[in-house]
Amino acid sequence: MPRQIPQLMLGTSPFIGTGQFGTKACEYRDRFFHDERAMKQLFIASARQGVNAVQLIVYEPLVNALTAAIKETGEDFFIAATIPSGRHFERDLALIRPLKPAIIAIHALSCDALDARIEGWIEEIRALDASPAAATHYPGATIEKLDNAGFDFEVYLAPVNPAGYAMEPDYESTLKALETTDKKIIAIKPLAAGRLKPTQSLFSFVYKYADSVSVGITSEAEMEETYAVAKETVL
């Protein structure tokens, strides 16, 4: 098991402009993915606001930005890295290795499909002294399958929010899976890709099912508001 997982992490989905953000996806990708300095500044701002944990999607611009933030601040970031696909697993593993991530997650597309390469990838992750994690887009089905398959995962990354957004195949099966597994849970999409406002009731709900929450942030003002509410909830 990794050193204690921080209860709050800076998420990086907005930095790559994932489709969940709808019409804002391209705007976010232009603003962040193509501007390492903009990402670096948010990493630094996050650390200054007391959140030096990052759920980092392993793309070179994001890795470069976090590396620059670490060099500028000397901050010891807790890194939960997600390999973005199985096609370039070894390349991406080599890319993140210098940052010594505490957790490395295999992408949901591979985990949901019970990819035959999972066991080998877990061994490679453990060789870096990191804890293996599984991301899933179908937590209500996949978590039980992974548990039953006996894979040596320590952590699951799963969508958790009171609206049931992206909690596939359905809200009820997802909550049951989260309650049943003995693995640590990092909640992703807690604000349903910007569809929900950060409130104490929202974070109370998410923390009922998750050990840590990863929140995508696009501005320092948004960060200040969201972190304040999350911290009030867990204190």
# chains A, B, ... in the order shown; residues from 1 in each chain; ligands from 1
>>> residues_around(residues="Lys197 in chain A", least_positions_apart="4", cutoff="12 Å", atoms="only C-alpha atoms", output="count of residues only")
17
>>> select_by_dssp(residues="range 75-211 of chain A", states="alpha helix (DSSP H)", output="NGL selection string")
:A and (89-96 or 108-112 or 118-127 or 139-149 or 171-180 or 200-209)
>>> write_last_selection(atoms="N, CA and C atoms", output="short mmCIF file (atom, residue, chain, number, x, y, z; two decimals), in the first residue's frame")
data_model
loop_
_atom_site.label_atom_id
_atom_site.label_comp_id
_atom_site.auth_asym_id
_atom_site.auth_seq_id
_atom_site.Cartn_x
_atom_site.Cartn_y
_atom_site.Cartn_z
N PHE A 89 2.43 1.62 -23.15
CA PHE A 89 2.56 1.49 -21.70
C PHE A 89 4.00 1.68 -21.23
N GLU A 90 4.93 0.95 -21.84
CA GLU A 90 6.33 1.03 -21.40
C GLU A 90 6.90 2.42 -21.62
N ARG A 91 6.55 3.06 -22.73
CA ARG A 91 7.02 4.42 -23.00
C ARG A 91 6.51 5.39 -21.94
N ASP A 92 5.22 5.28 -21.61
CA ASP A 92 4.63 6.19 -20.62
C ASP A 92 5.16 5.90 -19.23
N LEU A 93 5.43 4.64 -18.94
CA LEU A 93 6.01 4.28 -17.65
C LEU A 93 7.40 4.91 -17.50
N ALA A 94 8.16 4.88 -18.58
CA ALA A 94 9.49 5.50 -18.56
C ALA A 94 9.39 7.01 -18.39
N LEU A 95 8.35 7.60 -18.96
CA LEU A 95 8.16 9.05 -18.88
C LEU A 95 7.87 9.50 -17.45
N ILE A 96 7.09 8.73 -16.72
CA ILE A 96 6.70 9.14 -15.37
C ILE A 96 7.71 8.67 -14.32
N ALA A 108 -8.68 2.85 -17.82
CA ALA A 108 -9.98 2.19 -17.74
C ALA A 108 -10.28 1.29 -18.94
N LEU A 109 -9.88 1.71 -20.13
CA LEU A 109 -10.16 0.90 -21.31
C LEU A 109 -9.55 -0.49 -21.18
N SER A 110 -8.38 -0.57 -20.58
CA SER A 110 -7.72 -1.87 -20.39
C SER A 110 -8.34 -2.64 -19.23
N CYS A 111 -8.62 -1.94 -18.14
CA CYS A 111 -9.16 -2.62 -16.95
C CYS A 111 -10.59 -3.10 -17.17
N ASP A 112 -11.40 -2.30 -17.82
CA ASP A 112 -12.79 -2.71 -18.08
C ASP A 112 -12.84 -3.92 -19.01
N ILE A 118 -2.61 -7.13 -18.14
CA ILE A 118 -2.70 -6.47 -16.84
C ILE A 118 -1.68 -7.02 -15.84
N GLU A 119 -1.57 -8.33 -15.73
CA GLU A 119 -0.65 -8.91 -14.74
C GLU A 119 0.78 -8.48 -15.01
N GLY A 120 1.17 -8.46 -16.27
CA GLY A 120 2.53 -8.02 -16.61
C GLY A 120 2.74 -6.55 -16.29
N TRP A 121 1.73 -5.74 -16.55
CA TRP A 121 1.84 -4.31 -16.25
C TRP A 121 1.93 -4.08 -14.74
N ILE A 122 1.19 -4.84 -13.96
CA ILE A 122 1.26 -4.71 -12.50
C ILE A 122 2.69 -5.00 -12.02
N GLU A 123 3.31 -6.02 -12.59
CA GLU A 123 4.69 -6.34 -12.21
C GLU A 123 5.63 -5.18 -12.54
N GLU A 124 5.41 -4.55 -13.70
CA GLU A 124 6.26 -3.41 -14.08
C GLU A 124 6.05 -2.23 -13.14
N ILE A 125 4.81 -2.02 -12.72
CA ILE A 125 4.51 -0.93 -11.79
C ILE A 125 5.19 -1.19 -10.45
N ARG A 126 5.09 -2.40 -9.96
CA ARG A 126 5.70 -2.73 -8.68
C ARG A 126 7.22 -2.63 -8.76
N ALA A 127 7.79 -2.88 -9.92
CA ALA A 127 9.24 -2.76 -10.09
C ALA A 127 9.70 -1.32 -9.89
N PRO A 139 -17.51 1.07 -12.97
CA PRO A 139 -17.20 0.56 -11.64
C PRO A 139 -18.22 -0.44 -11.11
N GLY A 140 -19.48 -0.28 -11.48
CA GLY A 140 -20.51 -1.18 -10.99
C GLY A 140 -20.34 -2.61 -11.45
N ALA A 141 -19.58 -2.81 -12.52
CA ALA A 141 -19.32 -4.15 -13.03
C ALA A 141 -17.86 -4.54 -12.89
N THR A 142 -16.98 -3.61 -13.20
CA THR A 142 -15.56 -3.94 -13.29
C THR A 142 -14.90 -4.20 -11.94
N ILE A 143 -15.27 -3.44 -10.91
CA ILE A 143 -14.62 -3.62 -9.61
C ILE A 143 -14.79 -5.04 -9.11
N GLU A 144 -16.00 -5.57 -9.18
CA GLU A 144 -16.22 -6.95 -8.74
C GLU A 144 -15.43 -7.94 -9.60
N LYS A 145 -15.38 -7.69 -10.91
CA LYS A 145 -14.63 -8.59 -11.80
C LYS A 145 -13.14 -8.59 -11.46
N LEU A 146 -12.59 -7.40 -11.21
CA LEU A 146 -11.17 -7.31 -10.87
C LEU A 146 -10.88 -7.97 -9.52
N ASP A 147 -11.77 -7.73 -8.56
CA ASP A 147 -11.60 -8.37 -7.25
C ASP A 147 -11.63 -9.89 -7.39
N ASN A 148 -12.59 -10.40 -8.15
CA ASN A 148 -12.73 -11.85 -8.30
C ASN A 148 -11.60 -12.47 -9.10
N ALA A 149 -11.02 -11.67 -10.02
CA ALA A 149 -9.93 -12.18 -10.85
C ALA A 149 -8.63 -12.28 -10.06
N TYR A 171 -25.98 3.69 -11.19
CA TYR A 171 -25.67 4.30 -9.90
C TYR A 171 -25.65 3.27 -8.76
N GLU A 172 -26.69 2.44 -8.71
CA GLU A 172 -26.83 1.51 -7.59
C GLU A 172 -25.72 0.46 -7.58
N SER A 173 -25.40 -0.11 -8.74
CA SER A 173 -24.36 -1.14 -8.77
C SER A 173 -23.00 -0.54 -8.45
N THR A 174 -22.78 0.72 -8.84
CA THR A 174 -21.51 1.37 -8.53
C THR A 174 -21.34 1.55 -7.03
N LEU A 175 -22.37 2.06 -6.36
CA LEU A 175 -22.28 2.26 -4.92
C LEU A 175 -22.08 0.92 -4.19
N LYS A 176 -22.75 -0.11 -4.65
CA LYS A 176 -22.58 -1.43 -4.04
C LYS A 176 -21.15 -1.92 -4.19
N ALA A 177 -20.59 -1.73 -5.38
CA ALA A 177 -19.21 -2.18 -5.63
C ALA A 177 -18.22 -1.42 -4.76
N LEU A 178 -18.45 -0.12 -4.62
CA LEU A 178 -17.56 0.71 -3.80
C LEU A 178 -17.62 0.30 -2.33
N GLU A 179 -18.80 -0.07 -1.87
CA GLU A 179 -18.97 -0.48 -0.47
C GLU A 179 -18.41 -1.87 -0.21
N THR A 180 -18.39 -2.71 -1.25
CA THR A 180 -18.02 -4.11 -1.07
C THR A 180 -16.52 -4.35 -1.15
N GLN A 200 -20.59 21.16 0.71
CA GLN A 200 -20.23 20.22 1.76
C GLN A 200 -21.04 18.93 1.64
N SER A 201 -22.29 19.04 1.25
CA SER A 201 -23.11 17.83 1.11
C SER A 201 -22.57 16.94 -0.01
N LEU A 202 -22.10 17.57 -1.09
CA LEU A 202 -21.52 16.78 -2.19
C LEU A 202 -20.28 16.04 -1.72
N PHE A 203 -19.37 16.76 -1.08
CA PHE A 203 -18.14 16.10 -0.65
C PHE A 203 -18.41 15.08 0.45
N SER A 204 -19.38 15.33 1.31
CA SER A 204 -19.74 14.34 2.32
C SER A 204 -20.20 13.05 1.67
N PHE A 205 -20.98 13.18 0.60
CA PHE A 205 -21.44 12.00 -0.13
C PHE A 205 -20.25 11.25 -0.73
N VAL A 206 -19.37 11.97 -1.41
CA VAL A 206 -18.25 11.31 -2.09
C VAL A 206 -17.32 10.64 -1.09
N TYR A 207 -17.02 11.33 0.02
CA TYR A 207 -16.11 10.75 1.01
C TYR A 207 -16.72 9.55 1.74
N LYS A 208 -18.02 9.39 1.66
CA LYS A 208 -18.65 8.21 2.23
C LYS A 208 -18.20 6.95 1.51
N TYR A 209 -17.86 7.09 0.21
CA TYR A 209 -17.50 5.95 -0.61
C TYR A 209 -16.04 5.94 -1.03
#
>>> residues_around(residues="Ala53 in chain A", least_positions_apart="3", cutoff="8 Å", atoms="only C-alpha atoms", output="CSV table (one decimal) with N, CA and C atoms, in the first residue's frame")
chain,number,residue,atom,x,y,z
A,6,PRO,N,-3.5,11.0,0.2
A,6,PRO,CA,-4.1,12.3,0.6
A,6,PRO,C,-5.6,12.3,0.3
A,8,LEU,N,-7.4,14.8,-0.7
A,8,LEU,CA,-7.8,15.7,-1.8
A,8,LEU,C,-6.6,15.8,-2.8
A,9,MET,N,-6.9,15.6,-4.1
A,9,MET,CA,-5.9,15.7,-5.2
A,9,MET,C,-6.4,16.7,-6.2
A,10,LEU,N,-5.4,17.3,-6.9
A,10,LEU,CA,-5.7,18.1,-8.1
A,10,LEU,C,-5.8,17.2,-9.3
A,47,ALA,N,-0.3,23.6,-4.5
A,47,ALA,CA,0.6,23.3,-3.4
A,47,ALA,C,0.5,24.4,-2.3
A,77,PHE,N,5.5,16.5,-4.1
A,77,PHE,CA,4.2,16.1,-4.6
A,77,PHE,C,3.9,14.6,-4.4
A,78,PHE,N,2.7,14.3,-3.9
A,78,PHE,CA,2.2,13.0,-4.0
A,78,PHE,C,1.6,12.8,-5.4
A,79,ILE,N,2.0,11.8,-6.1
A,79,ILE,CA,1.6,11.6,-7.5
A,79,ILE,C,0.9,10.3,-7.7
A,80,ALA,N,-0.3,10.4,-8.1
A,80,ALA,CA,-1.1,9.2,-8.5
A,80,ALA,C,-1.2,9.3,-10.1
>>> select_by_dssp(residues="range 32-181 of chain A", states="strand (DSSP E)", output="list in words")
Ala53, Val54, Gln55, Leu56, Ile57, Phe78, Ile79, Ala80, Ala81, Thr82, Ile103, Ile104, Ala105, Ile106, Ser131, Pro132, Ala133, Ala134, Ala135, Val155, Tyr156, Leu157, Ala158 and Pro159 of chain A
>>> closest_atom_pairs(of="range 54-84 of chain A", to="range 98-105 of chain A", cutoff="10 Å", atoms="only C-alpha atoms", output="CSV")
residue,atom,partner,partner_atom,distance
A:Val54,CA,A:Pro101,CA,9.7
A:Gln55,CA,A:Ile103,CA,9.1
A:Leu56,CA,A:Pro101,CA,9.3
A:Ile57,CA,A:Ala105,CA,9.3
A:Val58,CA,A:Ile104,CA,9.7
A:Val63,CA,A:Leu99,CA,8.4
A:Leu66,CA,A:Leu99,CA,8.8
A:Thr67,CA,A:Leu99,CA,7.3
A:Ile70,CA,A:Leu99,CA,9.2
A:Asp76,CA,A:Leu99,CA,9.9
A:Phe77,CA,A:Pro101,CA,8.8
A:Phe78,CA,A:Ala102,CA,6.5
A:Ile79,CA,A:Pro101,CA,4.7
A:Ala80,CA,A:Ile103,CA,4.5
A:Ala81,CA,A:Ile104,CA,4.7
A:Thr82,CA,A:Ala105,CA,4.5
A:Ile83,CA,A:Ala105,CA,6.2
A:Pro84,CA,A:Ala105,CA,9.0
>>> residues_around(residues="range 25-37 of chain A", least_positions_apart="5", cutoff="10 Å", atoms="only C-alpha atoms", output="PyMOL selection string")
chain A and resi 12-20+42-43+59-66+68-69+218
>>> write_last_selection(atoms="all heavy atoms", output="compact mmCIF listing (two decimals), in the first residue's frame")
# COMPACT_ATOMS: atom_id res chain seq x y z
N THR A 12 -6.36 16.28 -13.40
CA THR A 12 -5.78 16.90 -14.60
C THR A 12 -6.56 16.64 -15.88
O THR A 12 -6.08 16.94 -16.97
CB THR A 12 -4.32 16.43 -14.78
OG1 THR A 12 -4.27 15.00 -14.80
CG2 THR A 12 -3.43 16.95 -13.66
N SER A 13 -7.78 16.11 -15.77
CA SER A 13 -8.57 15.88 -16.98
C SER A 13 -8.80 17.15 -17.80
O SER A 13 -8.75 17.11 -19.04
CB SER A 13 -9.92 15.24 -16.63
OG SER A 13 -9.74 13.92 -16.19
N PRO A 14 -9.05 18.32 -17.14
CA PRO A 14 -9.23 19.53 -17.95
C PRO A 14 -7.98 19.87 -18.77
O PRO A 14 -8.08 20.46 -19.85
CB PRO A 14 -9.50 20.62 -16.90
CG PRO A 14 -10.03 19.89 -15.72
CD PRO A 14 -9.29 18.59 -15.70
N PHE A 15 -6.80 19.50 -18.26
CA PHE A 15 -5.56 19.85 -18.94
C PHE A 15 -5.43 19.19 -20.31
O PHE A 15 -4.73 19.69 -21.19
CB PHE A 15 -4.35 19.48 -18.09
CG PHE A 15 -4.23 20.26 -16.81
CD1 PHE A 15 -3.22 19.96 -15.90
CD2 PHE A 15 -5.10 21.28 -16.49
CE1 PHE A 15 -3.09 20.67 -14.72
CE2 PHE A 15 -4.99 22.00 -15.31
CZ PHE A 15 -3.98 21.69 -14.41
N ILE A 16 -6.10 18.04 -20.49
CA ILE A 16 -6.02 17.37 -21.79
C ILE A 16 -7.32 17.55 -22.59
O ILE A 16 -7.43 17.05 -23.70
CB ILE A 16 -5.69 15.87 -21.65
CG1 ILE A 16 -6.81 15.11 -20.94
CG2 ILE A 16 -4.36 15.68 -20.91
CD1 ILE A 16 -6.62 13.59 -20.96
N GLY A 17 -8.28 18.27 -22.01
CA GLY A 17 -9.52 18.56 -22.73
C GLY A 17 -10.32 17.33 -23.07
O GLY A 17 -10.74 17.13 -24.22
N THR A 18 -10.59 16.49 -22.07
CA THR A 18 -11.35 15.27 -22.34
C THR A 18 -12.79 15.60 -22.73
O THR A 18 -13.34 16.64 -22.37
CB THR A 18 -11.34 14.35 -21.11
OG1 THR A 18 -11.81 15.08 -19.96
CG2 THR A 18 -9.95 13.82 -20.83
N GLY A 19 -13.41 14.68 -23.45
CA GLY A 19 -14.73 14.91 -24.02
C GLY A 19 -15.82 15.16 -23.01
O GLY A 19 -16.87 15.72 -23.35
N GLN A 20 -15.61 14.76 -21.74
CA GLN A 20 -16.63 14.95 -20.72
C GLN A 20 -16.96 16.43 -20.50
O GLN A 20 -18.02 16.75 -19.95
CB GLN A 20 -16.17 14.33 -19.40
CG GLN A 20 -15.00 15.07 -18.75
CD GLN A 20 -14.28 14.23 -17.72
OE1 GLN A 20 -13.94 13.08 -17.97
NE2 GLN A 20 -14.02 14.81 -16.55
N LEU A 42 -0.80 26.25 -12.03
CA LEU A 42 -1.87 25.65 -11.22
C LEU A 42 -1.32 24.58 -10.27
O LEU A 42 -1.81 24.45 -9.14
CB LEU A 42 -2.95 25.06 -12.12
CG LEU A 42 -3.94 26.06 -12.72
CD1 LEU A 42 -5.04 25.34 -13.48
CD2 LEU A 42 -4.57 26.95 -11.64
N PHE A 43 -0.31 23.85 -10.69
CA PHE A 43 0.33 22.90 -9.77
C PHE A 43 0.92 23.65 -8.57
O PHE A 43 0.77 23.24 -7.41
CB PHE A 43 1.45 22.12 -10.48
CG PHE A 43 0.96 21.10 -11.48
CD1 PHE A 43 1.58 20.98 -12.72
CD2 PHE A 43 -0.09 20.26 -11.18
CE1 PHE A 43 1.14 20.05 -13.64
CE2 PHE A 43 -0.54 19.31 -12.10
CZ PHE A 43 0.09 19.20 -13.33
N TYR A 59 0.87 12.41 -19.92
CA TYR A 59 1.22 12.94 -21.23
C TYR A 59 2.43 13.86 -21.04
O TYR A 59 2.55 14.51 -19.99
CB TYR A 59 0.06 13.74 -21.83
CG TYR A 59 -1.07 12.89 -22.37
CD1 TYR A 59 -2.25 12.75 -21.63
CD2 TYR A 59 -0.96 12.24 -23.59
CE1 TYR A 59 -3.30 11.97 -22.12
CE2 TYR A 59 -2.00 11.46 -24.08
CZ TYR A 59 -3.16 11.33 -23.34
OH TYR A 59 -4.19 10.55 -23.81
N GLU A 60 3.30 13.92 -22.03
CA GLU A 60 4.55 14.65 -21.86
C GLU A 60 4.39 16.09 -21.41
O GLU A 60 5.10 16.54 -20.49
CB GLU A 60 5.38 14.59 -23.15
CG GLU A 60 6.77 15.15 -22.99
CD GLU A 60 7.67 14.87 -24.19
OE1 GLU A 60 7.19 14.25 -25.16
OE2 GLU A 60 8.85 15.28 -24.14
N PRO A 61 3.45 16.89 -21.98
CA PRO A 61 3.32 18.27 -21.51
C PRO A 61 2.95 18.36 -20.02
O PRO A 61 3.43 19.24 -19.31
CB PRO A 61 2.21 18.84 -22.40
CG PRO A 61 2.26 18.02 -23.64
CD PRO A 61 2.59 16.63 -23.16
N LEU A 62 2.09 17.45 -19.54
CA LEU A 62 1.69 17.46 -18.13
C LEU A 62 2.86 17.06 -17.23
O LEU A 62 3.09 17.66 -16.18
CB LEU A 62 0.50 16.53 -17.89
CG LEU A 62 -0.88 17.08 -18.26
CD1 LEU A 62 -1.04 17.23 -19.77
CD2 LEU A 62 -1.98 16.19 -17.70
N VAL A 63 3.61 16.05 -17.67
CA VAL A 63 4.78 15.61 -16.90
C VAL A 63 5.81 16.73 -16.85
O VAL A 63 6.40 17.01 -15.80
CB VAL A 63 5.38 14.32 -17.50
CG1 VAL A 63 6.69 13.96 -16.79
CG2 VAL A 63 4.38 13.17 -17.38
N ASN A 64 6.02 17.40 -17.98
CA ASN A 64 6.97 18.51 -18.02
C ASN A 64 6.55 19.64 -17.08
O ASN A 64 7.38 20.22 -16.37
CB ASN A 64 7.09 19.06 -19.44
CG ASN A 64 7.78 18.12 -20.39
OD1 ASN A 64 8.43 17.16 -19.97
ND2 ASN A 64 7.65 18.36 -21.68
N ALA A 65 5.25 19.94 -17.08
CA ALA A 65 4.75 21.03 -16.25
C ALA A 65 4.90 20.71 -14.76
O ALA A 65 5.31 21.58 -13.97
CB ALA A 65 3.29 21.31 -16.59
N LEU A 66 4.59 19.49 -14.37
CA LEU A 66 4.72 19.13 -12.97
C LEU A 66 6.20 19.09 -12.57
O LEU A 66 6.57 19.52 -11.47
CB LEU A 66 4.06 17.79 -12.69
CG LEU A 66 4.09 17.32 -11.23
CD1 LEU A 66 3.51 18.37 -10.29
CD2 LEU A 66 3.35 15.99 -11.08
N ALA A 68 8.54 20.94 -13.77
CA ALA A 68 8.95 22.33 -13.62
C ALA A 68 8.45 22.91 -12.30
O ALA A 68 9.15 23.67 -11.62
CB ALA A 68 8.44 23.16 -14.79
N ALA A 69 7.22 22.55 -11.91
CA ALA A 69 6.66 23.04 -10.64
C ALA A 69 7.46 22.51 -9.46
O ALA A 69 7.72 23.24 -8.49
CB ALA A 69 5.20 22.62 -10.52
N THR A 218 -9.62 24.54 -13.16
CA THR A 218 -9.17 25.32 -14.33
C THR A 218 -8.76 26.75 -14.00
O THR A 218 -8.35 27.48 -14.89
CB THR A 218 -10.28 25.36 -15.40
OG1 THR A 218 -11.45 25.97 -14.85
CG2 THR A 218 -10.62 23.95 -15.89
>>> atom_distance(atom1="CA of Ala130 in chain A", atom2="CA of Ala166 in chain A")
27.3 Å
>>> closest_residue(among="A:Ser85, A:Thr181, A:Gln4, A:Thr136", to="Pro169 in chain A", atoms="only C-alpha atoms")
A:Thr136
>>> atom_distance(atom1="CA of Met223 in chain A", atom2="CA of Ala187 in chain A")
17.1 Å
>>> decode(residues="range 143-159 of chain A", atoms="N, CA, C and O atoms", output="PDB file, in the first residue's frame")
ATOM      1  N   ILE A 143     -15.272  -3.440 -10.912  1.00  0.00           N
ATOM      2  CA  ILE A 143     -14.620  -3.617  -9.614  1.00  0.00           C
ATOM      3  C   ILE A 143     -14.793  -5.044  -9.107  1.00  0.00           C
ATOM      4  O   ILE A 143     -13.832  -5.690  -8.668  1.00  0.00           O
ATOM      5  N   GLU A 144     -15.999  -5.569  -9.183  1.00  0.00           N
ATOM      6  CA  GLU A 144     -16.225  -6.952  -8.738  1.00  0.00           C
ATOM      7  C   GLU A 144     -15.429  -7.938  -9.595  1.00  0.00           C
ATOM      8  O   GLU A 144     -14.845  -8.901  -9.068  1.00  0.00           O
ATOM      9  N   LYS A 145     -15.376  -7.689 -10.910  1.00  0.00           N
ATOM     10  CA  LYS A 145     -14.630  -8.592 -11.798  1.00  0.00           C
ATOM     11  C   LYS A 145     -13.144  -8.588 -11.459  1.00  0.00           C
ATOM     12  O   LYS A 145     -12.499  -9.638 -11.417  1.00  0.00           O
ATOM     13  N   LEU A 146     -12.587  -7.400 -11.207  1.00  0.00           N
ATOM     14  CA  LEU A 146     -11.166  -7.312 -10.875  1.00  0.00           C
ATOM     15  C   LEU A 146     -10.879  -7.966  -9.524  1.00  0.00           C
ATOM     16  O   LEU A 146      -9.876  -8.662  -9.355  1.00  0.00           O
ATOM     17  N   ASP A 147     -11.775  -7.730  -8.558  1.00  0.00           N
ATOM     18  CA  ASP A 147     -11.596  -8.371  -7.251  1.00  0.00           C
ATOM     19  C   ASP A 147     -11.626  -9.890  -7.390  1.00  0.00           C
ATOM     20  O   ASP A 147     -10.784 -10.602  -6.824  1.00  0.00           O
ATOM     21  N   ASN A 148     -12.587 -10.399  -8.146  1.00  0.00           N
ATOM     22  CA  ASN A 148     -12.729 -11.850  -8.299  1.00  0.00           C
ATOM     23  C   ASN A 148     -11.602 -12.468  -9.104  1.00  0.00           C
ATOM     24  O   ASN A 148     -11.253 -13.638  -8.912  1.00  0.00           O
ATOM     25  N   ALA A 149     -11.024 -11.668 -10.019  1.00  0.00           N
ATOM     26  CA  ALA A 149      -9.928 -12.183 -10.846  1.00  0.00           C
ATOM     27  C   ALA A 149      -8.627 -12.282 -10.063  1.00  0.00           C
ATOM     28  O   ALA A 149      -7.673 -12.927 -10.510  1.00  0.00           O
ATOM     29  N   GLY A 150      -8.581 -11.650  -8.910  1.00  0.00           N
ATOM     30  CA  GLY A 150      -7.408 -11.767  -8.058  1.00  0.00           C
ATOM     31  C   GLY A 150      -6.225 -10.912  -8.466  1.00  0.00           C
ATOM     32  O   GLY A 150      -5.089 -11.175  -8.039  1.00  0.00           O
ATOM     33  N   PHE A 151      -6.455  -9.894  -9.286  1.00  0.00           N
ATOM     34  CA  PHE A 151      -5.360  -9.005  -9.660  1.00  0.00           C
ATOM     35  C   PHE A 151      -4.831  -8.267  -8.431  1.00  0.00           C
ATOM     36  O   PHE A 151      -5.590  -7.926  -7.521  1.00  0.00           O
ATOM     37  N   ASP A 152      -3.541  -8.005  -8.439  1.00  0.00           N
ATOM     38  CA  ASP A 152      -2.872  -7.427  -7.276  1.00  0.00           C
ATOM     39  C   ASP A 152      -2.975  -5.898  -7.256  1.00  0.00           C
ATOM     40  O   ASP A 152      -1.978  -5.191  -7.096  1.00  0.00           O
ATOM     41  N   PHE A 153      -4.178  -5.386  -7.426  1.00  0.00           N
ATOM     42  CA  PHE A 153      -4.393  -3.946  -7.347  1.00  0.00           C
ATOM     43  C   PHE A 153      -4.566  -3.535  -5.881  1.00  0.00           C
ATOM     44  O   PHE A 153      -5.101  -4.286  -5.073  1.00  0.00           O
ATOM     45  N   GLU A 154      -4.138  -2.315  -5.569  1.00  0.00           N
ATOM     46  CA  GLU A 154      -4.320  -1.767  -4.236  1.00  0.00           C
ATOM     47  C   GLU A 154      -5.334  -0.626  -4.214  1.00  0.00           C
ATOM     48  O   GLU A 154      -5.890  -0.311  -3.157  1.00  0.00           O
ATOM     49  N   VAL A 155      -5.554  -0.017  -5.373  1.00  0.00           N
ATOM     50  CA  VAL A 155      -6.386   1.179  -5.458  1.00  0.00           C
ATOM     51  C   VAL A 155      -7.244   1.115  -6.716  1.00  0.00           C
ATOM     52  O   VAL A 155      -6.797   0.622  -7.756  1.00  0.00           O
ATOM     53  N   TYR A 156      -8.471   1.632  -6.630  1.00  0.00           N
ATOM     54  CA  TYR A 156      -9.321   1.815  -7.800  1.00  0.00           C
ATOM     55  C   TYR A 156      -9.626   3.299  -7.979  1.00  0.00           C
ATOM     56  O   TYR A 156      -9.867   4.021  -6.996  1.00  0.00           O
ATOM     57  N   LEU A 157      -9.616   3.743  -9.229  1.00  0.00           N
ATOM     58  CA  LEU A 157     -10.056   5.087  -9.582  1.00  0.00           C
ATOM     59  C   LEU A 157     -11.412   4.944 -10.247  1.00  0.00           C
ATOM     60  O   LEU A 157     -11.538   4.267 -11.281  1.00  0.00           O
ATOM     61  N   ALA A 158     -12.429   5.574  -9.657  1.00  0.00           N
ATOM     62  CA  ALA A 158     -13.786   5.388 -10.165  1.00  0.00           C
ATOM     63  C   ALA A 158     -14.590   6.673 -10.046  1.00  0.00           C
ATOM     64  O   ALA A 158     -14.403   7.448  -9.112  1.00  0.00           O
ATOM     65  N   PRO A 159     -15.514   6.906 -10.995  1.00  0.00           N
ATOM     66  CA  PRO A 159     -16.404   8.067 -10.885  1.00  0.00           C
ATOM     67  C   PRO A 159     -17.311   7.920  -9.670  1.00  0.00           C
ATOM     68  O   PRO A 159     -17.938   6.873  -9.473  1.00  0.00           O
TER      69      PRO A 159
END
